[in-house]
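The data block below is query.cif; it holds mmCIF, C-alpha atoms and all ligand atoms.
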```cif
data_work
loop_
_atom_site.label_atom_id
_atom_site.label_comp_id
_atom_site.auth_asym_id
_atom_site.auth_seq_id
_atom_site.Cartn_x
_atom_site.Cartn_y
_atom_site.Cartn_z
CA MET Q 1 15.03 2.90 -16.91
CA ILE Q 2 13.45 1.88 -13.59
CA GLN Q 3 14.61 -1.62 -12.81
CA LEU Q 4 15.30 -3.81 -9.82
CA ASP Q 5 18.81 -5.28 -9.78
CA GLU Q 6 19.63 -8.85 -8.80
CA TYR Q 7 20.41 -7.82 -5.21
CA GLY Q 8 17.03 -6.17 -4.75
CA TYR Q 9 18.08 -2.55 -5.26
CA TYR Q 10 16.28 0.25 -7.09
CA GLY Q 11 19.23 2.59 -7.59
CA LYS Q 12 20.81 2.87 -4.14
CA PHE Q 13 17.63 1.92 -2.26
CA GLY Q 14 16.50 -1.56 -1.22
CA GLY Q 15 18.55 -4.65 -0.35
CA ALA Q 16 17.97 -7.16 2.41
CA PHE Q 17 19.30 -6.22 5.83
CA VAL Q 18 18.09 -9.07 8.01
CA PRO Q 19 19.31 -10.78 11.18
CA GLU Q 20 21.23 -13.96 10.46
CA MET Q 21 18.40 -16.04 11.95
CA LEU Q 22 16.09 -14.92 9.12
CA PHE Q 23 18.54 -15.18 6.28
CA SER Q 24 17.34 -18.62 5.16
CA ASN Q 25 13.65 -17.58 5.14
CA VAL Q 26 14.29 -14.49 3.07
CA GLU Q 27 16.64 -16.42 0.79
CA GLU Q 28 14.06 -19.19 0.31
CA LEU Q 29 11.49 -16.59 -0.79
CA ARG Q 30 13.97 -14.84 -3.05
CA LYS Q 31 14.76 -18.07 -4.90
CA ILE Q 32 11.17 -19.04 -5.66
CA TYR Q 33 8.96 -15.95 -5.85
CA VAL Q 34 9.42 -14.94 -9.50
CA ASP Q 35 9.04 -18.47 -10.86
CA TRP Q 36 6.15 -19.46 -8.62
CA ILE Q 37 4.14 -16.33 -9.38
CA ALA Q 38 4.59 -16.98 -13.12
CA GLU Q 39 3.44 -20.62 -12.96
CA PRO Q 40 0.12 -21.26 -14.71
CA ASP Q 41 -1.36 -23.12 -11.71
CA PHE Q 42 -0.46 -20.27 -9.37
CA GLN Q 43 -1.85 -17.65 -11.76
CA LYS Q 44 -5.04 -19.64 -12.25
CA GLU Q 45 -5.77 -19.74 -8.52
CA PHE Q 46 -4.64 -16.11 -7.96
CA GLN Q 47 -6.88 -14.88 -10.80
CA ARG Q 48 -9.81 -17.00 -9.62
CA LEU Q 49 -9.65 -15.53 -6.11
CA LEU Q 50 -9.17 -11.96 -7.38
CA ARG Q 51 -12.25 -12.38 -9.56
CA ASP Q 52 -14.65 -14.44 -7.44
CA TYR Q 53 -13.57 -13.48 -3.93
CA VAL Q 54 -12.12 -9.96 -4.15
CA GLY Q 55 -14.49 -8.80 -6.91
CA ARG Q 56 -11.97 -7.79 -9.59
CA PRO Q 57 -11.60 -6.17 -12.01
CA THR Q 58 -12.40 -2.99 -10.10
CA PRO Q 59 -14.12 -0.34 -12.25
CA LEU Q 60 -12.39 2.68 -13.76
CA PHE Q 61 -14.94 5.45 -13.22
CA PHE Q 62 -15.11 8.74 -15.14
CA ALA Q 63 -15.74 11.36 -12.44
CA GLU Q 64 -17.77 13.89 -14.39
CA ARG Q 65 -18.41 16.57 -11.77
CA LEU Q 66 -14.88 16.37 -10.37
CA SER Q 67 -13.56 16.71 -13.95
CA GLU Q 68 -15.75 19.75 -14.49
CA LYS Q 69 -14.40 21.39 -11.35
CA TYR Q 70 -10.72 20.81 -12.22
CA GLN Q 71 -11.20 21.34 -15.98
CA THR Q 72 -9.61 18.06 -17.02
CA GLN Q 73 -10.58 14.38 -17.58
CA ILE Q 74 -10.48 12.59 -14.20
CA TYR Q 75 -10.92 8.84 -13.76
CA LEU Q 76 -11.01 6.99 -10.44
CA LYS Q 77 -9.61 3.45 -10.15
CA ARG Q 78 -12.06 1.97 -7.65
CA GLU Q 79 -9.88 -0.11 -5.30
CA ASP Q 80 -12.38 0.93 -2.60
CA LEU Q 81 -14.79 -1.62 -4.06
CA ASN Q 82 -12.56 -4.61 -3.26
CA HIS Q 83 -13.61 -7.12 -0.58
CA THR Q 84 -12.46 -5.72 2.82
CA GLY Q 85 -12.53 -2.19 1.40
CA ALA Q 86 -9.07 -1.48 0.01
CA HIS Q 87 -6.26 -2.67 -2.25
CA LYS Q 88 -4.49 -4.56 0.57
CA ILE Q 89 -6.31 -7.82 -0.18
CA ASN Q 90 -4.57 -8.12 -3.60
CA ASN Q 91 -1.30 -8.66 -1.76
CA THR Q 92 -2.57 -10.90 1.04
CA ILE Q 93 -4.23 -13.24 -1.49
CA GLY Q 94 -0.91 -13.54 -3.35
CA GLN Q 95 1.15 -14.10 -0.21
CA ILE Q 96 -1.18 -16.70 1.31
CA LEU Q 97 -0.80 -18.75 -1.89
CA ILE Q 98 3.00 -18.50 -1.56
CA ALA Q 99 2.82 -19.48 2.14
CA GLU Q 100 0.59 -22.46 1.32
CA ARG Q 101 3.06 -23.71 -1.30
CA LEU Q 102 5.94 -23.30 1.15
CA GLY Q 103 4.01 -25.59 3.53
CA LYS Q 104 3.73 -22.90 6.23
CA THR Q 105 1.07 -23.52 8.91
CA ARG Q 106 1.25 -20.21 10.77
CA ILE Q 107 0.93 -16.62 9.48
CA ILE Q 108 2.05 -13.46 11.22
CA ALA Q 109 1.44 -9.84 10.19
CA GLU Q 110 1.86 -6.31 11.52
CA THR Q 111 -0.87 -3.71 11.33
CA GLY Q 112 -1.33 -0.03 12.14
CA ALA Q 113 -4.93 0.99 11.55
CA GLY Q 114 -5.87 -2.65 11.23
CA GLN Q 115 -6.54 -2.67 7.47
CA HIS Q 116 -3.68 -5.02 6.64
CA GLY Q 117 -4.51 -7.07 9.73
CA VAL Q 118 -8.08 -7.52 8.51
CA ALA Q 119 -6.93 -8.40 4.96
CA THR Q 120 -4.51 -10.98 6.41
CA ALA Q 121 -7.05 -12.45 8.86
CA THR Q 122 -9.47 -12.73 5.92
CA VAL Q 123 -7.20 -14.82 3.70
CA CYS Q 124 -6.12 -16.97 6.68
CA ALA Q 125 -9.78 -17.76 7.39
CA LEU Q 126 -10.27 -18.52 3.69
CA LYS Q 127 -7.42 -21.03 3.78
CA GLY Q 128 -7.85 -22.33 7.33
CA ILE Q 129 -4.38 -21.21 8.45
CA ARG Q 130 -3.58 -19.90 11.94
CA CYS Q 131 -3.14 -16.10 12.06
CA ILE Q 132 -1.41 -13.84 14.58
CA VAL Q 133 -1.51 -10.07 14.06
CA TYR Q 134 0.80 -7.72 15.96
CA MET Q 135 -0.67 -4.31 16.67
CA GLY Q 136 0.51 -1.43 18.85
CA GLU Q 137 -1.36 -1.14 22.14
CA VAL Q 138 -2.27 2.46 21.32
CA ASP Q 139 -3.64 1.44 17.90
CA ILE Q 140 -5.69 -1.38 19.46
CA LEU Q 141 -7.51 1.25 21.51
CA ARG Q 142 -7.90 3.67 18.55
CA GLN Q 143 -9.09 1.06 16.03
CA ALA Q 144 -11.58 -1.05 17.96
CA PRO Q 145 -13.82 -1.99 14.97
CA ASN Q 146 -10.90 -3.51 13.03
CA VAL Q 147 -9.70 -5.37 16.14
CA ALA Q 148 -13.21 -6.85 16.41
CA ARG Q 149 -13.15 -7.81 12.71
CA MET Q 150 -9.83 -9.63 13.06
CA LYS Q 151 -11.09 -11.52 16.10
CA MET Q 152 -14.33 -12.47 14.38
CA LEU Q 153 -12.25 -13.81 11.47
CA GLY Q 154 -10.41 -16.04 13.94
CA ALA Q 155 -7.11 -14.16 14.24
CA GLU Q 156 -5.24 -13.60 17.47
CA VAL Q 157 -4.35 -9.92 18.00
CA ARG Q 158 -1.19 -9.46 20.06
CA PRO Q 159 -0.44 -6.02 21.52
CA ALA Q 160 2.99 -4.43 20.97
CA LYS Q 161 3.79 -2.76 24.26
CA SER Q 162 7.21 -1.21 23.57
CA GLY Q 163 8.22 2.24 22.29
CA SER Q 164 5.36 4.42 21.12
CA ARG Q 165 3.15 1.29 20.92
CA THR Q 166 2.20 1.94 17.27
CA LEU Q 167 2.99 0.50 13.83
CA LYS Q 168 6.80 0.44 13.92
CA ASP Q 169 6.70 -1.33 17.30
CA ALA Q 170 4.20 -3.89 15.94
CA THR Q 171 6.58 -4.47 13.01
CA ASN Q 172 9.48 -5.04 15.42
CA GLU Q 173 7.39 -7.60 17.35
CA ALA Q 174 6.45 -9.42 14.14
CA ILE Q 175 10.12 -9.63 13.11
CA ARG Q 176 10.99 -10.95 16.59
CA ASP Q 177 8.27 -13.61 16.25
CA TRP Q 178 9.59 -14.68 12.83
CA ILE Q 179 13.11 -15.07 14.26
CA GLN Q 180 11.69 -17.40 16.91
CA ASN Q 181 9.49 -19.40 14.50
CA PRO Q 182 11.31 -19.49 11.16
CA ASP Q 183 10.27 -23.01 10.15
CA ASP Q 184 6.47 -23.07 10.28
CA THR Q 185 5.74 -19.33 9.90
CA HIS Q 186 5.37 -16.93 6.95
CA TYR Q 187 5.37 -13.19 7.60
CA ILE Q 188 2.86 -11.41 5.34
CA ILE Q 189 4.27 -7.88 5.06
CA GLY Q 190 1.57 -5.34 4.17
CA SER Q 191 3.33 -2.90 1.85
CA VAL Q 192 6.26 -2.54 -0.55
CA VAL Q 193 8.66 -2.36 2.39
CA GLY Q 194 10.95 -4.81 4.20
CA PRO Q 195 13.91 -6.83 2.92
CA HIS Q 196 14.13 -7.95 -0.71
CA PRO Q 197 12.16 -9.76 -2.13
CA PHE Q 198 9.16 -8.37 -0.22
CA PRO Q 199 8.96 -4.94 -1.95
CA ASP Q 200 9.11 -6.50 -5.41
CA MET Q 201 6.83 -9.43 -4.54
CA VAL Q 202 4.17 -7.11 -3.11
CA ALA Q 203 4.50 -4.76 -6.12
CA ARG Q 204 3.93 -7.72 -8.47
CA PHE Q 205 0.76 -8.75 -6.62
CA GLN Q 206 -0.53 -5.17 -6.64
CA SER Q 207 0.41 -4.67 -10.31
CA VAL Q 208 -3.00 -6.09 -11.26
CA ILE Q 209 -4.20 -2.49 -10.68
CA SER Q 210 -2.23 -1.00 -13.59
CA LEU Q 211 -2.74 -4.10 -15.75
CA GLU Q 212 -6.51 -3.56 -15.56
CA MET Q 213 -6.09 0.20 -15.92
CA LYS Q 214 -4.32 -0.15 -19.29
CA LYS Q 215 -7.16 -2.15 -20.77
CA GLN Q 216 -9.87 0.07 -19.26
CA LEU Q 217 -8.20 3.30 -20.43
CA LEU Q 218 -7.80 1.93 -23.94
CA GLU Q 219 -11.54 1.18 -24.07
CA LYS Q 220 -12.59 4.53 -22.60
CA THR Q 221 -10.05 7.00 -24.03
CA GLY Q 222 -8.47 5.26 -27.02
CA LYS Q 223 -5.00 5.10 -25.45
CA ASP Q 224 -3.79 2.72 -22.78
CA TYR Q 225 -2.14 5.28 -20.51
CA PRO Q 226 -3.05 8.42 -18.55
CA ASP Q 227 -1.13 11.69 -18.78
CA HIS Q 228 -1.02 11.92 -14.98
CA LEU Q 229 -1.31 9.09 -12.45
CA ILE Q 230 -1.87 9.99 -8.81
CA ALA Q 231 -1.67 7.72 -5.75
CA CYS Q 232 -1.14 8.18 -2.02
CA VAL Q 233 1.97 6.67 -0.43
CA GLY Q 234 2.27 5.24 3.06
CA GLY Q 235 4.68 2.36 2.50
CA GLY Q 236 3.72 2.63 -1.15
CA SER Q 237 1.89 -0.55 -2.21
CA ASN Q 238 -1.20 0.94 -3.85
CA ALA Q 239 1.02 3.45 -5.67
CA ALA Q 240 3.43 0.67 -6.73
CA GLY Q 241 0.51 -1.31 -8.16
CA ALA Q 242 -0.91 1.70 -9.99
CA PHE Q 243 2.51 2.78 -11.35
CA TYR Q 244 3.87 -0.70 -12.13
CA HIS Q 245 3.13 -1.06 -15.85
CA TYR Q 246 3.89 2.63 -16.48
CA LEU Q 247 7.25 2.89 -14.70
CA ASN Q 248 9.15 3.03 -17.97
CA ARG Q 249 6.51 4.94 -19.96
CA LYS Q 250 7.86 8.51 -19.86
CA GLU Q 251 4.60 9.94 -21.24
CA VAL Q 252 2.92 9.13 -17.91
CA GLY Q 253 3.53 11.62 -15.10
CA LEU Q 254 3.71 9.75 -11.79
CA ILE Q 255 2.60 11.62 -8.67
CA ALA Q 256 3.23 10.18 -5.20
CA VAL Q 257 1.15 11.87 -2.50
CA GLU Q 258 2.48 11.87 1.04
CA ALA Q 259 0.91 12.97 4.31
CA ALA Q 260 2.17 16.35 5.51
CA GLY Q 261 0.20 15.88 8.76
CA GLU Q 262 -0.15 19.25 10.48
CA GLY Q 263 2.42 20.71 8.06
CA ILE Q 264 5.88 19.70 6.89
CA ASP Q 265 7.63 21.96 9.40
CA SER Q 266 5.20 21.34 12.27
CA GLY Q 267 7.06 18.40 13.79
CA LYS Q 268 3.89 16.37 13.24
CA SER Q 269 4.25 15.05 9.70
CA ALA Q 270 4.82 11.90 7.66
CA ALA Q 271 6.25 13.54 4.51
CA THR Q 272 9.16 11.11 4.26
CA SER Q 273 10.48 12.17 0.86
CA VAL Q 274 11.00 15.74 2.13
CA LEU Q 275 11.96 15.05 5.74
CA GLY Q 276 13.66 11.68 5.30
CA THR Q 277 17.34 10.83 4.98
CA ASP Q 278 19.08 7.62 3.90
CA GLY Q 279 18.97 4.84 6.43
CA ILE Q 280 17.89 1.29 7.10
CA ILE Q 281 14.46 0.47 8.45
CA HIS Q 282 12.74 -2.91 8.72
CA GLY Q 283 15.25 -4.62 6.45
CA SER Q 284 15.83 -2.22 3.58
CA ARG Q 285 17.84 0.87 2.77
CA THR Q 286 15.50 3.75 2.04
CA LEU Q 287 14.44 7.26 3.04
CA LEU Q 288 13.23 7.52 6.61
CA MET Q 289 12.55 10.16 9.22
CA GLN Q 290 15.32 9.95 11.81
CA THR Q 291 17.34 12.05 14.20
CA ALA Q 292 21.00 12.85 13.51
CA ASP Q 293 22.00 9.80 15.56
CA GLY Q 294 19.62 7.47 13.72
CA GLN Q 295 16.62 7.23 16.06
CA ILE Q 296 13.26 7.00 14.29
CA ILE Q 297 11.16 10.17 14.49
CA GLU Q 298 7.50 9.43 15.24
CA PRO Q 299 5.42 10.22 12.17
CA HIS Q 300 2.00 11.84 12.27
CA SER Q 301 -0.93 11.77 9.89
CA ILE Q 302 -4.68 11.91 10.39
CA SER Q 303 -4.83 8.75 8.29
CA ALA Q 304 -3.33 5.75 10.06
CA GLY Q 305 -2.38 4.11 6.74
CA LEU Q 306 0.02 6.95 5.85
CA ASP Q 307 1.47 7.20 9.35
CA TYR Q 308 4.78 5.40 8.67
CA PRO Q 309 8.29 6.86 9.19
CA GLY Q 310 9.71 5.31 6.00
CA ILE Q 311 8.77 4.81 2.36
CA GLY Q 312 9.26 1.75 0.14
CA PRO Q 313 12.64 1.65 -1.67
CA MET Q 314 10.99 1.79 -5.13
CA HIS Q 315 9.38 5.12 -4.26
CA ALA Q 316 12.54 6.50 -2.65
CA HIS Q 317 14.24 5.82 -5.98
CA LEU Q 318 11.39 7.11 -8.16
CA ILE Q 319 11.38 10.40 -6.26
CA ALA Q 320 15.17 10.76 -5.91
CA SER Q 321 15.66 10.08 -9.63
CA GLY Q 322 12.95 12.55 -10.64
CA ARG Q 323 10.77 9.88 -12.27
CA ALA Q 324 7.95 10.56 -9.79
CA LYS Q 325 6.92 13.88 -8.33
CA ALA Q 326 6.12 13.99 -4.59
CA VAL Q 327 3.26 16.12 -3.30
CA ALA Q 328 2.55 16.60 0.44
CA ILE Q 329 -1.03 17.10 1.67
CA THR Q 330 -2.01 18.23 5.18
CA ASP Q 331 -4.64 16.63 7.42
CA GLN Q 332 -6.97 19.60 6.75
CA GLU Q 333 -6.56 19.42 2.98
CA ALA Q 334 -7.26 15.67 3.01
CA LEU Q 335 -10.41 16.07 5.10
CA GLN Q 336 -11.68 18.76 2.77
CA ALA Q 337 -11.00 16.59 -0.29
CA GLY Q 338 -12.86 13.70 1.36
CA PHE Q 339 -15.94 15.88 1.73
CA GLU Q 340 -15.54 17.20 -1.79
CA LEU Q 341 -15.51 13.70 -3.33
CA ALA Q 342 -18.50 12.66 -1.21
CA ARG Q 343 -20.55 15.67 -2.34
CA LEU Q 344 -19.43 15.75 -5.98
CA GLU Q 345 -19.40 12.04 -6.81
CA GLY Q 346 -21.23 10.21 -4.01
CA ILE Q 347 -18.07 8.35 -3.00
CA ILE Q 348 -16.69 8.51 0.55
CA PRO Q 349 -12.95 7.82 0.26
CA ALA Q 350 -10.60 6.45 2.91
CA LEU Q 351 -8.65 9.33 4.47
CA GLU Q 352 -5.52 7.90 2.82
CA SER Q 353 -7.15 8.11 -0.63
CA ALA Q 354 -8.49 11.59 0.19
CA HIS Q 355 -4.84 12.75 0.18
CA ALA Q 356 -4.59 11.67 -3.47
CA ILE Q 357 -7.78 13.59 -4.33
CA ALA Q 358 -6.43 16.69 -2.57
CA ALA Q 359 -3.37 16.66 -4.83
CA LEU Q 360 -5.63 17.89 -7.67
CA ASP Q 361 -5.47 21.32 -6.09
CA LYS Q 362 -1.65 21.37 -6.19
CA LEU Q 363 -1.20 20.45 -9.84
CA SER Q 364 -2.24 21.89 -13.18
CA PHE Q 365 -3.68 20.00 -16.11
CA GLU Q 366 -4.75 20.62 -19.68
CA LYS Q 367 -8.45 20.29 -20.36
CA SER Q 368 -7.92 17.31 -22.71
CA GLU Q 369 -5.48 15.45 -20.45
CA VAL Q 370 -6.40 12.18 -18.77
CA VAL Q 371 -5.79 12.00 -15.02
CA VAL Q 372 -6.19 8.75 -13.09
CA ILE Q 373 -6.43 8.76 -9.30
CA ASN Q 374 -5.99 5.44 -7.56
CA LEU Q 375 -8.79 5.41 -4.98
CA SER Q 376 -7.06 3.00 -2.59
CA GLY Q 377 -9.91 2.42 -0.12
CA ARG Q 378 -13.34 3.32 1.18
CA GLY Q 379 -14.05 5.70 4.03
CA ASP Q 380 -16.31 3.66 6.31
CA LYS Q 381 -13.44 3.18 8.78
CA ASP Q 382 -12.91 6.96 8.91
CA LEU Q 383 -16.47 8.19 9.43
CA GLU Q 384 -15.87 9.14 13.04
CA THR Q 385 -12.91 11.33 12.07
CA TYR Q 386 -14.82 12.91 9.18
CA MET Q 387 -17.78 13.71 11.44
CA LYS Q 388 -15.54 15.45 13.95
CA PHE Q 389 -14.58 17.89 11.19
CA ALA Q 390 -17.87 18.00 9.26
CA PRO Q 391 -18.62 21.35 7.57
CA LYS Q 392 -21.64 23.02 9.15
C1 LIG Q 401 -2.89 0.93 4.10
C2 LIG Q 401 -3.54 1.88 3.20
C3 LIG Q 401 -2.79 2.81 2.44
C4 LIG Q 401 -1.30 2.96 2.57
O1 LIG Q 401 -0.56 1.84 2.22
P1 LIG Q 401 0.28 1.77 0.86
O2 LIG Q 401 1.12 0.55 1.04
O3 LIG Q 401 1.08 3.02 0.75
O4 LIG Q 401 -0.68 1.64 -0.24
C5 LIG Q 401 -3.47 3.64 1.55
N1 LIG Q 401 -4.81 3.58 1.43
C6 LIG Q 401 -5.56 2.70 2.14
C7 LIG Q 401 -7.04 2.70 1.95
C8 LIG Q 401 -4.95 1.83 3.05
O5 LIG Q 401 -5.71 0.97 3.75
#
```

Will you turn the file into structure tokens for me?
Amino acid sequence: MIQLDEYGYYGKFGGAFVPEMLFSNVEELRKIYVDWIAEPDFQKEFQRLLRDYVGRPTPLFFAERLSEKYQTQIYLKREDLNHTGAHKINNTIGQILIAERLGKTRIIAETGAGQHGVATATVCALKGIRCIVYMGEVDILRQAPNVARMKMLGAEVRPAKSGSRTLKDATNEAIRDWIQNPDDTHYIIGSVVGPHPFPDMVARFQSVISLEMKKQLLEKTGKDYPDHLIACVGGGSNAAGAFYHYLNRKEVGLIAVEAAGEGIDSGKSAATSVLGTDGIIHGSRTLLMQTADGQIIEPHSISAGLDYPGIGPMHAHLIASGRAKAVAITDQEALQAGFELARLEGIIPALESAHAIAALDKLSFEKSEVVVINLSGRGDKDLETYMKFAPK
């Protein structure tokens, strides 16, 4: 049975390792989040925004030509059709409603590629709340269009100038900010990572994905579950949302797809479940890529959203316990799968989601089995990278 215990652990992974200065903020959230999310008024507003603003429910699409190629029944859960282009908005809508109820007047967030930054800036504009996004200096240069989007939406983008000047450094800056401004500020974390209750709170907001999937599968296939459910994992929020209502349904095979980068043994990888060891990162105990003396090893992936040295505690537990199977996909394999989906189905996936598509090649299915791939986002942001590698 996959279950979160009262201290925020999935098996041995999770918990809340926070500086004393943040204890009361995290504790405040822990006390209210389950009850508030369940309240009818909260649900009414959350559902209204998911429907009228985000565009939910997202379709479940039968991919006929892809199914033909892999000789099985493949469905795509179209999170790429959400407002702002990915699943991340499901979580930022939920958290802005929590922040509003807590009376917070200032929002901070961390971002790597800028997708979570854009989703956060979007909901802050919607609610008229001040927004500050921390982003590594290197990422600011690499992701200019998303920086422009955040600014147009009224957010302030602050560069993280320490370390490798990428996502983990931006996260450190955001935590530092929260320590300095605990009273008026809420920190919208972008994945199922961080101290309890963030991983569980974010998973609950993203669980709308599998809630819709159950109903859609029942209509289309006559049963409310797939035989195989595939999702890419950076921190793990889109996978957590897709897996959520199937965690304790043994008939559903869960497949978590990680980024192998240039290869697991290349030194340029983000395959945390293979290369990671137990440790504490950004407030929770989980698997992370670290040296023998506990320094973080820089991850690498062609997709910025999978380029994280850790993995959410739920996924660390799912993989360690054997409930989920981990598959690692290289940059090359992901690019190829992105082109394949574009040419076979007319859908250009985010490079992150292309990793999930590429996993089809590593698995075997029966012809009659139902396979659902969570298509976490659209590929507009990745066109430049795709074009660099375009087949002749
Ligand atoms: C951010 C992102 C991811 C990775 O984040 P998770 O928390 O693992 O879901 C995957 N796909 C897309 C499109 C993203 O923007």

Contacts with ligand LIG 401 (chain Q) at most 6 Å, all atoms listed in the file counted, listed as JSON, numbers by chain: {"Q": [86, 115, 191, 233, 234, 235, 236, 237, 238, 239, 305, 306, 350, 352, 353, 376, 377]}

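Nearest residue to Leu76 in chain Q among Q:Gln290, Q:Asn374, Q:Asn91, Q:Gln47 is Q:Asn374, counting all atoms listed in the file.
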
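Shortest separation to Gly253 in chain Q among Q:Arg323, Q:Arg101, Q:Lys214, Q:Lys223 occurs at residue Q:Arg323, atoms counted being only C-alpha atoms.
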
Env of Ala113 in chain Q: 8 Å cut, atoms = only C-alpha atoms, seq-sep filter 2 positions within chain, self excluded. Answer as a PyMOL selection string. chain Q and resi 111+115-116+139+143+146+304-305

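Residue nearest Ala271 in chain Q, chosen from Q:Lys381, Q:Arg285, Q:Lys69, Q:His300 and counting all atoms listed in the file: Q:His300.
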
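Distances here use all atoms listed in the file; by that measure, the residue among Q:Thr166, Q:Asn181, Q:Thr171, Q:Thr120 closest to Arg149 in chain Q is Q:Thr120.
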
Give me, please, the distance in Å between CA of Ile96 in chain Q and CA of Ile373 in chain Q, quoted to one decimal. 28.1 Å

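Compared by their closest atoms to Leu81 in chain Q, and using only C-alpha atoms, the residues Q:Gly55, Q:Ala231, Q:Thr221, Q:Val257 rank with Q:Gly55 nearest.
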
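Between CA of Gly338 in chain Q and CA of Ala354 in chain Q the separation is 5.0 Å.
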
Quick one: everything within 10 Å of Gly103 in chain Q, counting all atoms listed in the file, minus sequence neighbours fewer than 3 positions away in the same chain. Send it as a PyMOL selection string. chain Q and resi 97-100+106+183-186
